[in-house]
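File shown here: structure-v2.txt, holding compact mmCIF, C-alpha atoms and all ligand atoms.
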```txt
# COMPACT_ATOMS: atom_id res chain seq x y z
CA MET A 1 0.51 27.96 -17.24
CA THR A 2 -1.01 27.07 -13.86
CA LYS A 3 0.28 29.00 -10.88
CA ARG A 4 1.53 26.94 -7.94
CA SER A 5 -0.11 28.04 -4.70
CA ARG A 6 2.26 29.02 -1.90
CA SER A 7 1.36 26.01 0.25
CA GLU A 8 1.60 23.43 -2.56
CA PRO A 9 4.80 21.40 -2.10
CA THR A 10 7.15 21.02 -5.07
CA GLY A 11 8.45 17.67 -6.34
CA GLU A 12 11.75 18.31 -4.54
CA ASP A 13 9.91 19.09 -1.28
CA LEU A 14 7.99 15.82 -1.55
CA LEU A 15 11.13 13.82 -2.32
CA ALA A 16 12.89 15.41 0.64
CA THR A 17 9.92 14.49 2.86
CA ARG A 18 9.94 10.90 1.53
CA ARG A 19 13.65 10.55 2.24
CA LYS A 20 13.08 11.55 5.87
CA LEU A 21 10.52 8.80 6.49
CA PRO A 22 11.92 5.96 8.63
CA ILE A 23 10.98 3.33 6.02
CA TRP A 24 13.13 5.08 3.38
CA SER A 25 16.42 3.98 4.95
CA ALA A 26 15.11 0.39 5.11
CA ARG A 27 14.10 0.23 1.43
CA ARG A 28 17.06 -1.82 0.14
CA ALA A 29 16.73 -4.39 2.93
CA LEU A 30 12.98 -4.47 2.42
CA LEU A 31 13.30 -5.11 -1.33
CA ARG A 32 15.74 -7.96 -0.65
CA GLU A 33 13.24 -9.47 1.78
CA VAL A 34 10.36 -9.08 -0.69
CA ALA A 35 12.45 -10.72 -3.42
CA ALA A 36 13.32 -13.66 -1.17
CA ALA A 37 9.80 -14.52 0.00
CA GLU A 38 6.51 -15.08 -1.79
CA THR A 39 4.74 -13.56 1.23
CA LEU A 40 6.27 -11.11 3.68
CA ILE A 41 4.71 -9.85 6.90
CA LEU A 42 5.86 -6.27 7.49
CA THR A 43 5.47 -4.30 10.67
CA GLY A 44 6.67 -0.77 11.41
CA GLU A 45 5.92 2.20 13.54
CA THR A 46 2.78 4.12 12.63
CA GLY A 47 3.62 7.01 10.30
CA SER A 48 6.89 5.38 9.24
CA GLY A 49 5.77 5.49 5.60
CA LYS A 50 4.57 1.94 4.93
CA SER A 51 1.34 2.76 3.09
CA THR A 52 2.76 5.50 0.89
CA GLN A 53 6.30 4.23 0.27
CA VAL A 54 6.20 0.41 0.01
CA PRO A 55 4.12 0.48 -3.22
CA GLN A 56 6.49 3.06 -4.70
CA PHE A 57 9.53 0.96 -3.73
CA LEU A 58 7.99 -2.06 -5.51
CA HIS A 59 7.22 0.06 -8.57
CA ALA A 60 10.76 1.50 -8.69
CA ALA A 61 12.18 -2.03 -8.32
CA GLY A 62 10.35 -3.18 -11.46
CA TYR A 63 7.48 -5.22 -10.02
CA THR A 64 4.95 -3.25 -12.07
CA GLU A 65 6.47 -4.50 -15.33
CA ALA A 66 4.53 -7.74 -14.83
CA GLY A 67 1.27 -6.20 -13.53
CA ALA A 68 -0.07 -3.59 -11.15
CA VAL A 69 0.90 -3.30 -7.49
CA GLY A 70 -2.35 -3.17 -5.49
CA ILE A 71 -2.69 -1.87 -1.94
CA THR A 72 -5.80 -2.64 0.04
CA GLN A 73 -7.23 -0.31 2.67
CA PRO A 74 -10.04 -1.00 5.12
CA ARG A 75 -11.66 2.39 4.43
CA ARG A 76 -12.61 4.29 1.27
CA VAL A 77 -11.39 7.68 2.52
CA ALA A 78 -7.93 6.29 3.20
CA ALA A 79 -7.70 4.59 -0.21
CA VAL A 80 -8.55 7.82 -2.07
CA SER A 81 -6.43 10.05 0.14
CA LEU A 82 -3.37 7.78 -0.11
CA ALA A 83 -3.76 7.56 -3.91
CA ARG A 84 -3.78 11.37 -4.09
CA ARG A 85 -0.71 11.60 -1.90
CA VAL A 86 1.25 8.97 -3.83
CA ALA A 87 0.22 10.54 -7.17
CA ALA A 88 1.59 13.87 -5.92
CA GLU A 89 4.82 12.14 -4.88
CA GLN A 90 5.06 10.54 -8.34
CA ALA A 91 4.20 13.91 -9.96
CA CYS A 92 1.31 12.46 -11.96
CA PRO A 93 -2.45 13.04 -12.03
CA VAL A 94 -4.58 10.60 -10.04
CA GLY A 95 -5.96 7.96 -12.41
CA SER A 96 -2.79 7.60 -14.49
CA LEU A 97 0.29 5.89 -13.01
CA VAL A 98 -1.37 5.98 -9.58
CA GLY A 99 -5.08 5.33 -9.17
CA TYR A 100 -7.77 4.00 -6.89
CA ALA A 101 -11.00 2.02 -6.91
CA VAL A 102 -13.52 2.23 -4.08
CA ARG A 103 -17.26 1.62 -4.02
CA PHE A 104 -19.09 4.32 -6.08
CA ASP A 105 -15.83 5.96 -7.14
CA GLU A 106 -12.83 4.96 -9.18
CA SER A 107 -10.01 6.62 -11.04
CA PHE A 108 -7.52 4.34 -12.74
CA ASP A 109 -6.32 3.31 -16.19
CA ARG A 110 -7.26 -0.30 -17.01
CA ARG A 111 -4.40 -0.91 -19.40
CA PRO A 112 -1.48 -2.99 -18.11
CA PRO A 113 1.20 -0.77 -16.52
CA LYS A 114 3.71 -1.55 -19.24
CA ARG A 115 1.23 -0.13 -21.79
CA GLY A 116 0.70 3.04 -19.79
CA GLY A 117 -2.01 1.81 -17.39
CA THR A 118 -2.19 2.31 -13.63
CA ALA A 119 0.80 0.74 -11.90
CA ILE A 120 0.01 1.59 -8.25
CA LYS A 121 -3.64 1.05 -7.39
CA PHE A 122 -5.25 1.68 -4.00
CA VAL A 123 -8.42 -0.31 -3.39
CA THR A 124 -10.65 -1.10 -0.46
CA ASP A 125 -10.70 -4.71 0.75
CA GLY A 126 -14.30 -4.86 -0.48
CA MET A 127 -13.33 -3.78 -4.02
CA LEU A 128 -10.60 -6.40 -4.19
CA LEU A 129 -13.16 -9.02 -3.20
CA ARG A 130 -15.33 -7.88 -6.12
CA GLU A 131 -12.37 -8.12 -8.48
CA ALA A 132 -11.55 -11.59 -7.18
CA ALA A 133 -15.14 -12.69 -7.86
CA SER A 134 -14.62 -12.12 -11.60
CA ASP A 135 -10.90 -13.02 -11.68
CA PRO A 136 -9.93 -15.33 -8.79
CA LEU A 137 -6.30 -15.33 -9.94
CA LEU A 138 -6.19 -11.52 -9.66
CA SER A 139 -4.14 -11.68 -12.83
CA ALA A 140 -3.94 -7.89 -13.26
CA TYR A 141 -1.59 -7.75 -10.25
CA SER A 142 2.04 -8.78 -9.85
CA ALA A 143 2.01 -7.85 -6.17
CA LEU A 144 -0.58 -7.04 -3.53
CA ILE A 145 -0.05 -5.22 -0.27
CA VAL A 146 -2.68 -5.76 2.41
CA ASP A 147 -2.51 -2.73 4.71
CA GLU A 148 -3.82 -2.52 8.28
CA ALA A 149 -4.27 -6.30 8.31
CA HIS A 150 -4.28 -6.30 12.13
CA GLU A 151 -7.74 -4.71 12.05
CA ARG A 152 -9.01 -8.20 11.16
CA SER A 153 -12.14 -7.03 9.39
CA LEU A 154 -14.22 -9.74 7.74
CA ALA A 155 -13.32 -8.33 4.31
CA SER A 156 -9.56 -8.23 4.96
CA ASP A 157 -9.55 -11.76 6.41
CA VAL A 158 -11.41 -13.04 3.34
CA VAL A 159 -8.98 -11.11 1.10
CA LEU A 160 -6.05 -12.89 2.77
CA ALA A 161 -7.69 -16.28 2.20
CA LEU A 162 -8.35 -15.45 -1.47
CA LEU A 163 -4.81 -14.23 -1.95
CA LYS A 164 -3.39 -17.40 -0.47
CA SER A 165 -5.46 -19.45 -2.88
CA ALA A 166 -4.56 -17.18 -5.85
CA GLN A 167 -0.87 -17.57 -5.00
CA ALA A 168 -1.20 -21.37 -4.93
CA ARG A 169 -3.00 -21.43 -8.29
CA ARG A 170 -0.54 -19.04 -9.91
CA ARG A 171 2.34 -21.22 -8.66
CA SER A 172 0.78 -24.26 -10.31
CA ALA A 173 -0.16 -25.15 -13.87
CA ASN A 174 -3.63 -23.60 -13.21
CA GLY A 175 -2.06 -20.15 -13.12
CA GLY A 176 -3.03 -19.33 -16.70
CA GLY A 177 0.34 -17.68 -17.30
CA ALA A 178 -0.35 -14.98 -14.71
CA GLY A 179 3.07 -15.49 -13.05
CA PRO A 180 3.81 -15.47 -9.33
CA LEU A 181 1.90 -13.18 -6.98
CA LYS A 182 3.94 -11.35 -4.34
CA LEU A 183 2.16 -10.52 -1.14
CA VAL A 184 3.13 -8.05 1.58
CA VAL A 185 0.92 -8.11 4.66
CA MET A 186 1.36 -4.93 6.71
CA SER A 187 0.28 -5.25 10.28
CA ALA A 188 0.76 -3.97 13.81
CA THR A 189 3.01 -6.31 15.81
CA LEU A 190 0.00 -7.70 17.67
CA GLU A 191 -1.14 -10.13 14.96
CA VAL A 192 2.17 -11.05 13.33
CA ASP A 193 2.32 -14.67 14.54
CA THR A 194 -1.22 -15.32 13.30
CA PHE A 195 -0.33 -14.11 9.79
CA CYS A 196 3.01 -15.98 9.70
CA ALA A 197 1.19 -19.19 10.63
CA PHE A 198 -1.62 -18.60 8.10
CA PHE A 199 0.95 -18.13 5.32
CA ASP A 200 2.78 -21.36 6.24
CA GLY A 201 5.69 -19.80 8.09
CA ALA A 202 6.10 -16.63 5.98
CA PRO A 203 8.89 -14.43 7.35
CA ALA A 204 8.05 -11.37 9.44
CA VAL A 205 10.22 -8.28 9.38
CA LEU A 206 10.12 -5.20 11.53
CA HIS A 207 11.33 -1.93 10.04
CA ALA A 208 11.41 1.60 11.34
CA ALA A 209 10.75 0.64 14.91
CA GLU A 210 13.21 3.01 16.59
CA PRO A 211 11.69 4.98 19.43
CA CYS A 212 10.83 8.46 18.13
CA GLU A 213 13.01 11.34 19.29
CA ASP A 214 10.29 13.95 19.32
CA TYR A 215 7.10 12.67 20.90
CA LEU A 216 5.24 15.94 20.35
CA GLU A 217 5.93 15.82 16.60
CA ALA A 218 4.89 12.14 16.47
CA VAL A 219 1.61 12.95 18.23
CA VAL A 220 0.88 15.87 15.87
CA THR A 221 1.66 13.69 12.82
CA THR A 222 -0.63 10.91 14.03
CA VAL A 223 -3.50 13.33 14.81
CA LEU A 224 -3.14 14.95 11.37
CA GLN A 225 -3.15 11.53 9.72
CA ILE A 226 -6.34 10.56 11.55
CA HIS A 227 -7.89 13.88 10.52
CA GLN A 228 -6.90 13.42 6.85
CA LEU A 229 -7.50 9.72 6.44
CA GLU A 230 -10.36 8.72 8.71
CA PRO A 231 -14.06 9.48 8.22
CA ALA A 232 -15.84 11.92 10.53
CA GLY A 233 -17.23 10.59 13.80
CA ASP A 234 -15.94 8.55 16.72
CA TYR A 235 -14.98 5.55 14.65
N1 LIG B 301 -3.08 11.79 2.42
C1 LIG B 301 -1.94 12.35 2.81
N2 LIG B 301 -1.74 13.68 2.66
C2 LIG B 301 -0.61 14.27 3.05
N3 LIG B 301 0.42 13.59 3.61
C3 LIG B 301 0.28 12.28 3.79
C4 LIG B 301 -0.90 11.59 3.40
N4 LIG B 301 -0.75 10.29 3.71
C5 LIG B 301 0.47 10.19 4.25
N5 LIG B 301 1.10 11.36 4.28
C6 LIG B 301 2.47 11.63 4.77
O1 LIG B 301 3.24 10.45 4.63
C7 LIG B 301 3.77 10.04 5.91
C8 LIG B 301 3.76 8.52 5.97
O2 LIG B 301 2.42 8.05 6.01
P1 LIG B 301 2.06 6.52 5.75
O3 LIG B 301 0.57 6.46 5.72
O4 LIG B 301 2.79 6.03 4.55
O5 LIG B 301 2.66 5.82 7.05
P2 LIG B 301 2.29 4.38 7.66
O6 LIG B 301 3.56 3.80 8.19
O7 LIG B 301 1.55 3.59 6.66
O8 LIG B 301 1.36 4.76 8.87
P3 LIG B 301 0.09 3.95 9.46
O9 LIG B 301 0.62 2.67 10.02
O10 LIG B 301 -0.43 4.89 10.48
O11 LIG B 301 -0.85 3.74 8.31
C9 LIG B 301 2.89 10.73 6.93
O12 LIG B 301 3.58 10.98 8.11
C10 LIG B 301 2.51 12.01 6.23
O13 LIG B 301 3.56 12.96 6.39
```

Show how you would write the structure in this file as structure tokens.
Amino acid sequence: MTKRSRSEPTGEDLLATRRKLPIWSARRALLREVAAAETLILTGETGSGKSTQVPQFLHAAGYTEAGAVGITQPRRVAAVSLARRVAAEQACPVGSLVGYAVRFDESFDRRPPKRGGTAIKFVTDGMLLREAASDPLLSAYSALIVDEAHERSLASDVVLALLKSAQARRRSANGGGAGPLKLVVMSATLEVDTFCAFFDGAPAVLHAAEPCEDYLEAVVTTVLQIHQLEPAGDY
């Protein structure tokens, strides 16, 4: 039997932490909004739990029965780190229910989720572009979440264009039976109107935007996130 180190959080600790995230209390409303729209633009305070929780909400709501839920990240370190965190929250090893694919490194199970494959997959924008080159319908996915879309990198802008076209094809007879493709674009408020217009008037929702009560704690959380998720250096 493996011994748990003192600092390693238990499943209950992680669930308690998840429940305290601002996005947790918005989950029912969010799932209703996702169900009602093919594309949803979601904004929320930084650290509110969008990247870690939204994919888990979609999984718990049954979206992964029809295919994986993919989440794109601009950077490799963030994709791997978030996959590890979400795997811990789901109490599974990375590469099983929760996995990732970034350039030069991947850990996921290729089988469809309903046959035991990876259901929640973190990928870089660049990796999703590669996948779209061989399967423009992105038929392995039932839903895709584009995170940090406000960064407007070339790769994430191209991803959005490809996703719009994949949605249109999957809506039509050219969809090859892949079914509809849900899309959640997560962005800072700055770019919301641009994304709503690009997705033909897609609704935008703002969750977890209450001003924080403890600024010091918010600052420490943000600094720790930057330390854990961003590569070394000024950028
Ligand atoms: N790799 C990680 N390791 C440990 N804890 C993490 C990790 N990633 C996230 N967390 C925890 O989950 C919380 C929510 O983070 P998450 O990335 O889901 O928020 P977010 O709303 O997407 O923030 P941002 O807009 O800054 O990306 C963090 O405050 C932190 O406590």

Check: Between A:Leu137, A:Leu206, A:Leu160, A:Val69, which is the closest to ligand LIG 301 (chain B) once you count only C-alpha atoms and all ligand atoms?
Finding: A:Leu206

Next item on the list: Dig up all the protein and nucleic acid residues within 7 Å of (-10.7, -0.1, -1.6) in the file frame, using all atoms listed in the file, and format them as a list in words.
Entry: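 Checking each residue against the 7 Å limit leaves Thr72, Gln73, Pro74, Arg75, Arg76, Ala79, Ala101, Val102, Phe122, Val123, Thr124, Asp125, Gly126, Met127 and Leu128 of chain A.
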
Selected residues written out, C-alpha atoms, as a short mmCIF file (atom, residue, chain, number, x, y, z; two decimals), in the frame of the given file:
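That gives us part-v6.cif:
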```
data_model
loop_
_atom_site.label_atom_id
_atom_site.label_comp_id
_atom_site.auth_asym_id
_atom_site.auth_seq_id
_atom_site.Cartn_x
_atom_site.Cartn_y
_atom_site.Cartn_z
CA THR A 72 -5.80 -2.64 0.04
CA GLN A 73 -7.23 -0.31 2.67
CA PRO A 74 -10.04 -1.00 5.12
CA ARG A 75 -11.66 2.39 4.43
CA ARG A 76 -12.61 4.29 1.27
CA ALA A 79 -7.70 4.59 -0.21
CA ALA A 101 -11.00 2.02 -6.91
CA VAL A 102 -13.52 2.23 -4.08
CA PHE A 122 -5.25 1.68 -4.00
CA VAL A 123 -8.42 -0.31 -3.39
CA THR A 124 -10.65 -1.10 -0.46
CA ASP A 125 -10.70 -4.71 0.75
CA GLY A 126 -14.30 -4.86 -0.48
CA MET A 127 -13.33 -3.78 -4.02
CA LEU A 128 -10.60 -6.40 -4.19
#
```

Note to self: Excluding Val146 (chain A) and its own-chain neighbours fewer than 4 positions away, which residues fall within 6 Å of it when counting all atoms listed in the file? Please give them as a PyMOL selection string.
What the structure shows: chain A and resi 71-72+185-186

Checklist line | Residues near Gly99 (chain A), cut-off 6 Å, all atoms listed in the file, skip fewer than 2 positions along chain, as a ChimeraX atom specification | finding: /A:83,94-95,107-108,121

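From CA of Ala188 (chain A) back to CA of Ser156 (chain A), the distance works out to 14.2 Å.
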
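We find CA of Thr118 (chain A) and CA of Val98 (chain A) to be spaced 5.5 Å apart.
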
Against ligand LIG 301 (chain B), which residues of chain A fall within 6 Å? For each one I want the closest pair of atoms and the distance in Å (one decimal), counting only C-alpha atoms and all ligand atoms, rows by chain and increasing residue number, as a tab-separated table.
```
residue	atom	partner	partner_atom	distance
A:Thr46	CA	B:LIG301	O9	3.7
A:Gly47	CA	B:LIG301	O8	3.5
A:Ser48	CA	B:LIG301	O6	3.8
A:Gly49	CA	B:LIG301	O4	3.2
A:Lys50	CA	B:LIG301	O7	3.9
A:Ser51	CA	B:LIG301	O7	3.7
A:Thr52	CA	B:LIG301	O4	3.7
A:Gln53	CA	B:LIG301	O4	5.8
A:Ser81	CA	B:LIG301	N1	4.4
A:Leu82	CA	B:LIG301	N1	4.8
A:Arg85	CA	B:LIG301	C1	4.9
A:Thr221	CA	B:LIG301	O12	5.8
```

Store the residues of this selection in a file with C-alpha atoms, as a JSON list (two decimals), keeping the file's coordinate frame.
```json
[["chain", "number", "residue", "atom", "x", "y", "z"],
["A", 46, "THR", "CA", 2.78, 4.12, 12.63],
["A", 47, "GLY", "CA", 3.62, 7.01, 10.30],
["A", 48, "SER", "CA", 6.89, 5.38, 9.24],
["A", 49, "GLY", "CA", 5.77, 5.49, 5.60],
["A", 50, "LYS", "CA", 4.57, 1.94, 4.93],
["A", 51, "SER", "CA", 1.34, 2.76, 3.09],
["A", 52, "THR", "CA", 2.76, 5.50, 0.89],
["A", 53, "GLN", "CA", 6.30, 4.23, 0.27],
["A", 81, "SER", "CA", -6.43, 10.05, 0.14],
["A", 82, "LEU", "CA", -3.37, 7.78, -0.11],
["A", 85, "ARG", "CA", -0.71, 11.60, -1.90],
["A", 221, "THR", "CA", 1.66, 13.69, 12.82]]
```

Note to self: Within 12 Å of (9.0, -3.9, -7.6) (file coordinates; all atoms listed in the file), which protein or nucleic acid residues are there? I'd like them as a VMD selection string.
What the structure shows: chain A and resid 27 to 28 30 to 35 53 to 70 119 to 120 141 to 145 181 to 184
